[in-house]
>>> print(open('coords22.cif').read())   # mmCIF, C-alpha atoms
data_work
loop_
_atom_site.label_atom_id
_atom_site.label_comp_id
_atom_site.auth_asym_id
_atom_site.auth_seq_id
_atom_site.Cartn_x
_atom_site.Cartn_y
_atom_site.Cartn_z
CA MET A 1 0.00 0.00 0.00
CA THR A 2 1.29 3.47 -0.79
CA ARG A 3 1.61 5.73 2.23
CA GLU A 4 1.47 9.19 0.72
CA LEU A 5 1.37 12.16 3.05
CA LYS A 6 -2.32 12.98 3.30
CA TRP A 7 -3.61 16.42 2.54
CA ILE A 8 -6.99 18.01 2.01
CA LEU A 9 -8.10 20.47 -0.64
CA LEU A 10 -10.67 22.83 0.84
CA ALA A 11 -12.50 24.92 -1.77
CA GLU A 12 -14.22 27.67 0.19
CA ASP A 13 -14.66 31.31 -0.75
CA ASP A 14 -15.78 32.59 2.66
CA PRO A 15 -12.61 33.27 4.69
CA ASN A 16 -14.43 32.83 8.02
CA ASP A 17 -15.82 29.44 7.02
CA ALA A 18 -12.40 28.45 5.67
CA HIS A 19 -10.78 29.42 8.96
CA LEU A 20 -13.37 27.53 11.03
CA THR A 21 -13.09 24.46 8.83
CA LYS A 22 -9.30 24.42 9.11
CA ARG A 23 -9.53 24.85 12.87
CA ALA A 24 -11.96 21.97 13.18
CA LEU A 25 -9.93 19.68 10.94
CA VAL A 26 -6.56 20.21 12.59
CA ASP A 27 -8.10 19.37 15.94
CA SER A 28 -7.32 15.68 15.63
CA LYS A 29 -4.57 13.21 16.41
CA ALA A 30 -3.09 13.25 12.91
CA PRO A 31 -3.91 16.67 11.50
CA PRO A 32 -3.60 16.68 7.73
CA GLU A 33 -2.18 19.53 5.71
CA ILE A 34 -4.96 21.69 4.30
CA VAL A 35 -4.69 23.63 1.06
CA VAL A 36 -7.36 26.29 0.71
CA ALA A 37 -8.66 27.36 -2.71
CA ARG A 38 -10.66 30.58 -2.59
CA ASP A 39 -12.78 29.82 -5.62
CA GLY A 40 -13.52 27.05 -8.10
CA ALA A 41 -10.88 28.15 -10.61
CA GLU A 42 -8.19 28.00 -7.94
CA ALA A 43 -9.43 24.57 -6.85
CA LEU A 44 -8.91 23.29 -10.38
CA ASP A 45 -5.48 24.97 -10.56
CA VAL A 46 -4.46 23.02 -7.44
CA LEU A 47 -5.70 19.73 -8.86
CA TYR A 48 -4.07 20.28 -12.24
CA HIS A 49 -0.85 21.73 -10.78
CA ARG A 50 -1.11 24.85 -12.87
CA GLY A 51 -1.13 28.61 -12.40
CA ALA A 52 0.04 29.50 -8.91
CA PHE A 53 0.28 25.78 -8.12
CA ALA A 54 2.40 24.76 -11.11
CA LYS A 55 5.38 23.90 -8.96
CA SER A 56 3.45 21.93 -6.33
CA GLU A 57 4.11 18.23 -5.83
CA SER A 58 2.09 16.02 -8.08
CA THR A 59 0.23 14.18 -5.36
CA ARG A 60 -3.51 14.24 -5.09
CA PRO A 61 -5.51 15.21 -1.99
CA CYS A 62 -7.08 12.40 0.01
CA VAL A 63 -10.33 14.34 -0.17
CA VAL A 64 -11.69 17.54 -1.70
CA LEU A 65 -14.09 19.51 0.51
CA LEU A 66 -16.13 21.54 -1.90
CA ASP A 67 -18.42 24.47 -1.20
CA LEU A 68 -21.30 24.82 -3.63
CA LYS A 69 -21.53 28.55 -4.07
CA MET A 70 -18.19 29.97 -5.13
CA PRO A 71 -17.18 32.70 -7.55
CA LYS A 72 -15.56 32.11 -10.95
CA VAL A 73 -16.30 28.38 -11.10
CA ASN A 74 -18.98 27.07 -8.73
CA GLY A 75 -18.88 23.82 -6.78
CA LEU A 76 -20.99 21.77 -9.18
CA GLU A 77 -18.81 22.76 -12.11
CA VAL A 78 -15.66 21.81 -10.19
CA LEU A 79 -17.32 18.51 -9.27
CA ARG A 80 -18.24 17.90 -12.88
CA ALA A 81 -14.64 18.61 -13.97
CA ILE A 82 -13.16 16.29 -11.36
CA LYS A 83 -15.53 13.38 -11.95
CA GLY A 84 -15.33 13.80 -15.72
CA ASP A 85 -11.54 13.49 -15.77
CA PRO A 86 -10.14 9.92 -15.60
CA LYS A 87 -7.00 11.27 -13.92
CA LEU A 88 -8.96 12.92 -11.11
CA ARG A 89 -12.25 11.09 -10.75
CA THR A 90 -11.19 8.63 -8.07
CA ILE A 91 -10.42 11.52 -5.71
CA PRO A 92 -13.23 11.61 -3.12
CA VAL A 93 -15.24 14.82 -3.25
CA VAL A 94 -17.33 15.83 -0.26
CA MET A 95 -19.72 18.72 -0.76
CA LEU A 96 -19.47 20.99 2.28
CA THR A 97 -22.21 23.56 2.07
CA SER A 98 -24.92 25.41 3.93
CA SER A 99 -27.49 24.28 1.36
CA ARG A 100 -29.83 21.51 2.40
CA GLN A 101 -31.91 21.90 -0.74
CA GLU A 102 -32.94 18.55 -2.16
CA ARG A 103 -32.12 19.81 -5.63
CA ASP A 104 -28.49 20.55 -4.65
CA LEU A 105 -28.20 17.16 -2.96
CA MET A 106 -29.55 15.31 -5.97
CA GLU A 107 -27.46 17.19 -8.47
CA SER A 108 -24.30 16.68 -6.43
CA TYR A 109 -24.80 12.92 -6.13
CA ASP A 110 -25.83 12.78 -9.77
CA LEU A 111 -22.52 14.35 -10.77
CA GLY A 112 -20.64 11.80 -8.68
CA ALA A 113 -20.08 13.48 -5.32
CA ASN A 114 -18.89 10.89 -2.81
CA ALA A 115 -20.66 12.57 0.07
CA TYR A 116 -22.54 15.66 1.13
CA VAL A 117 -22.26 17.49 4.44
CA VAL A 118 -24.45 20.39 5.47
CA LYS A 119 -22.51 22.89 7.57
CA PRO A 120 -24.10 23.00 11.02
CA VAL A 121 -24.93 26.46 12.27
CA SER A 122 -23.43 26.23 15.75
CA PHE A 123 -19.66 26.13 15.93
CA ALA A 124 -19.70 23.24 18.40
CA ASP A 125 -21.79 21.13 15.99
CA PHE A 126 -19.70 22.30 13.05
CA ARG A 127 -16.51 21.26 14.81
CA GLU A 128 -17.97 17.88 15.71
CA ALA A 129 -19.17 17.28 12.15
CA LEU A 130 -15.80 18.23 10.68
CA ARG A 131 -14.09 15.94 13.17
CA GLU A 132 -16.19 13.05 11.83
CA VAL A 133 -15.46 14.17 8.26
CA GLY A 134 -11.74 14.08 9.02
CA SER A 135 -12.02 10.75 10.84
CA PHE A 136 -13.62 9.08 7.91
CA TRP A 137 -12.07 10.72 4.85
CA VAL A 138 -8.53 11.24 6.12
CA VAL A 139 -8.00 8.42 8.59
CA ILE A 140 -10.18 5.48 7.57
CA ASN A 141 -10.97 5.82 3.89
CA GLU A 142 -8.51 4.19 1.51
CA LEU A 143 -7.62 5.52 -1.91
CA PRO A 144 -6.41 3.49 -4.85
CA PRO A 145 -2.70 3.79 -5.53
CA GLN A 146 -1.98 6.87 -7.61
CA THR A 147 -1.55 6.04 -11.27
CA MET A 148 1.79 7.02 -12.76
CA VAL A 149 0.31 8.97 -15.66
CA MET A 150 -0.78 12.46 -14.61
CA MET B 1 -24.93 -4.40 4.66
CA GLY B 2 -23.78 -7.07 2.20
CA GLU B 3 -21.74 -9.67 4.05
CA ASP B 4 -21.79 -13.40 3.42
CA ASP B 5 -19.54 -14.59 6.25
CA PRO B 6 -21.83 -15.15 9.27
CA ASN B 7 -19.01 -14.54 11.78
CA ASP B 8 -18.08 -11.23 10.19
CA ALA B 9 -21.75 -10.28 10.07
CA LEU B 10 -22.18 -11.06 13.76
CA LEU B 11 -19.11 -9.03 14.74
CA THR B 12 -20.28 -6.19 12.55
CA LYS B 13 -23.73 -6.18 14.12
CA ARG B 14 -22.19 -6.25 17.59
CA ALA B 15 -19.91 -3.34 16.74
CA LEU B 16 -22.88 -1.45 15.33
CA ALA B 17 -24.93 -2.05 18.47
CA GLU B 18 -22.04 -0.79 20.59
CA ALA B 19 -21.76 2.30 18.44
CA GLU B 20 -25.42 3.07 19.26
CA LEU B 21 -26.23 4.60 15.93
CA PRO B 22 -29.72 5.90 15.38
CA HIS B 23 -30.27 3.69 12.34
CA ASP B 24 -31.56 0.19 11.67
CA VAL B 25 -29.16 -2.22 10.06
CA VAL B 26 -30.42 -4.60 7.42
CA HIS B 27 -28.20 -7.54 6.67
CA ALA B 28 -28.09 -9.09 3.21
CA PHE B 29 -26.27 -12.38 2.77
CA ASP B 30 -25.02 -11.91 -0.75
CA GLY B 31 -25.03 -9.52 -3.68
CA VAL B 32 -28.38 -10.64 -5.04
CA GLU B 33 -29.99 -9.93 -1.65
CA VAL B 34 -28.42 -6.46 -1.54
CA LEU B 35 -30.17 -5.60 -4.79
CA ASP B 36 -33.39 -7.25 -3.61
CA CYS B 37 -33.29 -5.04 -0.55
CA LEU B 38 -32.63 -1.87 -2.51
CA ARG B 39 -35.39 -2.73 -4.97
CA GLN B 40 -37.77 -3.90 -2.24
CA ARG B 41 -38.15 -7.37 -3.70
CA ASN B 42 -38.58 -10.94 -2.40
CA ARG B 43 -37.78 -11.14 1.32
CA PHE B 44 -37.42 -7.34 1.47
CA ALA B 45 -40.72 -6.53 -0.19
CA THR B 46 -42.22 -5.20 3.05
CA ARG B 47 -39.21 -3.29 4.34
CA PRO B 48 -39.77 0.39 5.22
CA PRO B 49 -39.64 2.63 2.14
CA GLY B 50 -36.78 4.92 1.25
CA HIS B 51 -33.15 4.37 0.44
CA PRO B 52 -30.64 3.38 3.12
CA SER B 53 -28.23 6.11 4.18
CA LEU B 54 -25.40 3.70 3.40
CA VAL B 55 -24.73 0.34 1.77
CA LEU B 56 -21.73 -1.41 3.32
CA LEU B 57 -20.51 -3.93 0.83
CA ASP B 58 -18.07 -6.79 1.13
CA LEU B 59 -16.18 -7.64 -2.05
CA LYS B 60 -16.13 -11.41 -2.05
CA MET B 61 -19.68 -12.74 -1.86
CA PRO B 62 -21.39 -15.70 -3.47
CA ARG B 63 -23.83 -15.36 -6.39
CA MET B 64 -22.82 -11.76 -7.15
CA ASP B 65 -19.58 -10.20 -5.95
CA GLY B 66 -19.23 -6.71 -4.53
CA ILE B 67 -17.99 -5.03 -7.70
CA GLU B 68 -20.88 -6.45 -9.75
CA VAL B 69 -23.37 -5.24 -7.14
CA LEU B 70 -21.69 -1.85 -7.04
CA ARG B 71 -21.88 -1.56 -10.83
CA ALA B 72 -25.55 -2.58 -10.79
CA ILE B 73 -26.33 0.07 -8.17
CA LYS B 74 -24.37 2.88 -9.82
CA SER B 75 -25.73 2.19 -13.29
CA ASP B 76 -29.35 2.24 -12.10
CA PRO B 77 -30.75 5.80 -12.14
CA ALA B 78 -33.11 4.87 -9.31
CA LEU B 79 -30.30 3.64 -7.06
CA ARG B 80 -27.08 5.39 -7.99
CA CYS B 81 -27.40 8.20 -5.46
CA VAL B 82 -27.22 5.66 -2.59
CA PRO B 83 -23.82 5.88 -0.88
CA VAL B 84 -21.92 2.60 -1.15
CA VAL B 85 -18.80 1.98 0.88
CA ILE B 86 -16.76 -1.12 0.19
CA TYR B 87 -15.84 -2.79 3.48
CA THR B 88 -13.37 -5.58 2.95
CA ALA B 89 -10.17 -7.20 4.11
CA SER B 90 -8.71 -6.80 0.61
CA ILE B 91 -5.76 -4.44 0.22
CA ILE B 92 -5.15 -5.48 -3.36
CA PRO B 93 -4.56 -2.28 -5.40
CA SER B 94 -6.66 -3.52 -8.33
CA ASP B 95 -9.62 -4.12 -5.99
CA LEU B 96 -9.30 -0.55 -4.75
CA ARG B 97 -9.00 0.80 -8.26
CA ASN B 98 -11.92 -1.24 -9.59
CA ALA B 99 -14.11 -0.19 -6.69
CA TYR B 100 -13.53 3.52 -7.24
CA GLU B 101 -13.83 3.18 -11.02
CA ALA B 102 -17.16 1.44 -10.47
CA GLY B 103 -18.35 4.40 -8.40
CA ALA B 104 -17.75 3.40 -4.78
CA ASN B 105 -18.25 6.36 -2.45
CA GLY B 106 -15.55 5.03 -0.17
CA TYR B 107 -13.41 2.00 0.63
CA VAL B 108 -12.53 0.85 4.12
CA ILE B 109 -10.18 -1.96 4.96
CA LYS B 110 -11.57 -4.23 7.67
CA SER B 111 -9.22 -4.50 10.60
CA ALA B 112 -8.36 -8.02 11.71
CA ASP B 113 -8.11 -6.86 15.30
CA TYR B 114 -11.55 -6.65 16.94
CA THR B 115 -10.81 -3.57 19.11
CA GLN B 116 -9.59 -1.67 16.08
CA PHE B 117 -12.49 -2.98 14.03
CA ARG B 118 -14.96 -1.70 16.64
CA LYS B 119 -13.33 1.74 16.63
CA GLU B 120 -13.24 2.08 12.87
CA PHE B 121 -16.75 0.76 12.61
CA LYS B 122 -18.05 3.33 15.06
CA LEU B 123 -16.32 6.09 13.07
CA LEU B 124 -17.73 4.71 9.84
CA GLY B 125 -21.22 4.54 11.26
CA LEU B 126 -21.05 7.94 12.93
CA TYR B 127 -19.99 9.64 9.77
CA TRP B 128 -22.47 8.03 7.33
CA ALA B 129 -25.41 7.75 9.70
CA THR B 130 -25.22 11.13 11.40
CA VAL B 131 -23.07 13.57 9.44
CA ASN B 132 -23.57 12.70 5.80
CA PHE B 133 -26.69 13.79 3.94
CA SER B 134 -28.18 11.53 1.33
CA THR B 135 -31.35 11.76 -0.74
CA GLY B 136 -34.36 9.61 0.10
CA ALA B 137 -34.94 8.97 -3.58
CA CYS B 138 -32.55 9.44 -6.51
#
>>> encode(input="coords22.cif", output="structure tokens")
Amino acid sequence: MTRELKWILLAEDDPNDAHLTKRALVDSKAPPEIVVARDGAEALDVLYHRGAFAKSESTRPCVVLLDLKMPKVNGLEVLRAIKGDPKLRTIPVVMLTSSRQERDLMESYDLGANAYVVKPVSFADFREALREVGSFWVVINELPPQTMVM
Amino acid sequence: MGEDDPNDALLTKRALAEAELPHDVVHAFDGVEVLDCLRQRNRFATRPPGHPSLVLLDLKMPRMDGIEVLRAIKSDPALRCVPVVIYTASIIPSDLRNAYEAGANGYVIKSADYTQFRKEFKLLGLYWATVNFSTGAC
């Protein structure tokens, strides 16, 4: 089994939410590194190692936490790009959003989202939820070995 | 939960009970039964309506193996939104790859050690049963 260093891509345009999410995720026994993309275009730059991220290591995140409503490229479009690309589609994508609209849920799963988490309103609940998110997606979930062709 | 080994199933149910999750667990003994349950057929015809919040699927099962079941679920428009996590002892890279290519939402390697198994199971259950949102119908 490959033992890559695990890191998370968090695509979140609201700096407060990004800060809270990071805080909640690092509050664990094995805190992962978290790369924050401030919009959908940046998220794709990270995944494709281009633009400002051209020199980054060519490893993939163990999970992408994706907000729905983001400027430039929104969450569903990023999801569509990831799941439509054979080189990226096995990366787990968890929608992390304040929307509990059935339509958003259905569309996300339809496009291949691995999971969907509604951001709780209270910080205590938010922190607890993110702790579970980290426990499953970073600690327990296994990814296939990265293919050599990128 | 698709698990053909009765010992594994018993340990899993015990771990689930200890985790005290607010969900019922339905046990299917092979791949055909998993699909019967999802489609509310045969012995599952009278089960409560609505999709499960999670299907936990072993890979090696008689009649229909895990990957075939996974493909059947993910290619059915009425079922493909149901989260399916492969739960298996297999660490074979091709099993992992095939599972994700077939649309698995996640893949967890079953611990051989019961204490560890209980812990990981509780985490698994807590996440999918209480944190994750799924749709009642695709």
>>> resolve_selection(input="coords22.cif", expression="the PyMOL selection byres ((chain B) within 6 of (chain A))", output="list in words")
Cys81, Leu96, Arg97, Tyr100, Asn105, Tyr107, Val108, Tyr127, Asn132 and Phe133 of chain B
>>> atom_distance(input="coords22.cif", atom1="CA of Val63 (chain A)", atom2="CA of Ile8 (chain A)")
5.4 Å
>>> resolve_selection(input="coords22.cif", expression="the PyMOL selection byres ((chain A and resi 11) around 8)", output="number ranges by chain")
A: 9-10, 12-13, 36-40, 43, 64-67
>>> resolve_selection(input="coords22.cif", expression="the PyMOL selection byres ((chain B and resi 103) around 8)", output="PDB file with C-alpha atoms, in the coordinates of the input")
ATOM      1  CA  GLY A 112     -20.640  11.800  -8.680  1.00  0.00           C
TER       2      GLY A 112
ATOM      3  CA  LEU B  70     -21.690  -1.850  -7.040  1.00  0.00           C
ATOM      4  CA  ARG B  71     -21.880  -1.560 -10.830  1.00  0.00           C
ATOM      5  CA  LYS B  74     -24.370   2.880  -9.820  1.00  0.00           C
ATOM      6  CA  ALA B  99     -14.110  -0.190  -6.690  1.00  0.00           C
ATOM      7  CA  TYR B 100     -13.530   3.520  -7.240  1.00  0.00           C
ATOM      8  CA  GLU B 101     -13.830   3.180 -11.020  1.00  0.00           C
ATOM      9  CA  ALA B 102     -17.160   1.440 -10.470  1.00  0.00           C
ATOM     10  CA  ALA B 104     -17.750   3.400  -4.780  1.00  0.00           C
ATOM     11  CA  ASN B 105     -18.250   6.360  -2.450  1.00  0.00           C
TER      12      ASN B 105
END
>>> closest_residue(input="coords22.cif", among="A:Leu68, A:Cys62, A:Leu76, A:Leu47", to="Gly106 (chain B)", atoms="all atoms listed in the file")
A:Cys62
>>> closest_residue(input="coords22.cif", among="B:Leu54, B:Ile67, B:Ile92, B:Val82", to="Ala129 (chain B)", atoms="all atoms listed in the file")
B:Leu54
>>> axis_aligned_box(input="coords22.cif", around="region 129-145 of chain A", padding_each_side="3 Å", output="AutoDock Vina command-line options")
--center_x -10.9 --center_y 10.9 --center_z 3.8 --size_x 22.5 --size_y 20.7 --size_z 24.7
>>> atom_distance(input="coords22.cif", atom1="CA of Val85 (chain B)", atom2="CA of Leu56 (chain B)")
5.1 Å
>>> residues_around(input="coords22.cif", residues="region 21-35 of chain B", least_positions_apart="4", cutoff="8 Å", atoms="all atoms listed in the file", output="list in words")
Met1, Gly2, Glu3, Asp4, Asp5, Ala9, Lys13, Leu16, Ala17, Arg39, Met61, Pro62, Arg63, Met64, Asp65, Gly66, Glu68, Val69, Ile73, Gly125, Leu126, Ala129 and Thr130 of chain B
>>> atom_distance(input="coords22.cif", atom1="CA of Leu38 (chain B)", atom2="CA of Asp95 (chain B)")
23.4 Å
>>> closest_residue(input="coords22.cif", among="A:Asp104, A:Leu44, A:Phe126, A:Val138", to="Thr135 (chain B)", atoms="all atoms listed in the file")
A:Asp104
>>> residues_around(input="coords22.cif", residues="Lys110 (chain B)", least_positions_apart="2", cutoff="8 Å", atoms="all atoms listed in the file", output="PyMOL selection string")
chain B and resi 87-89+108+112+117
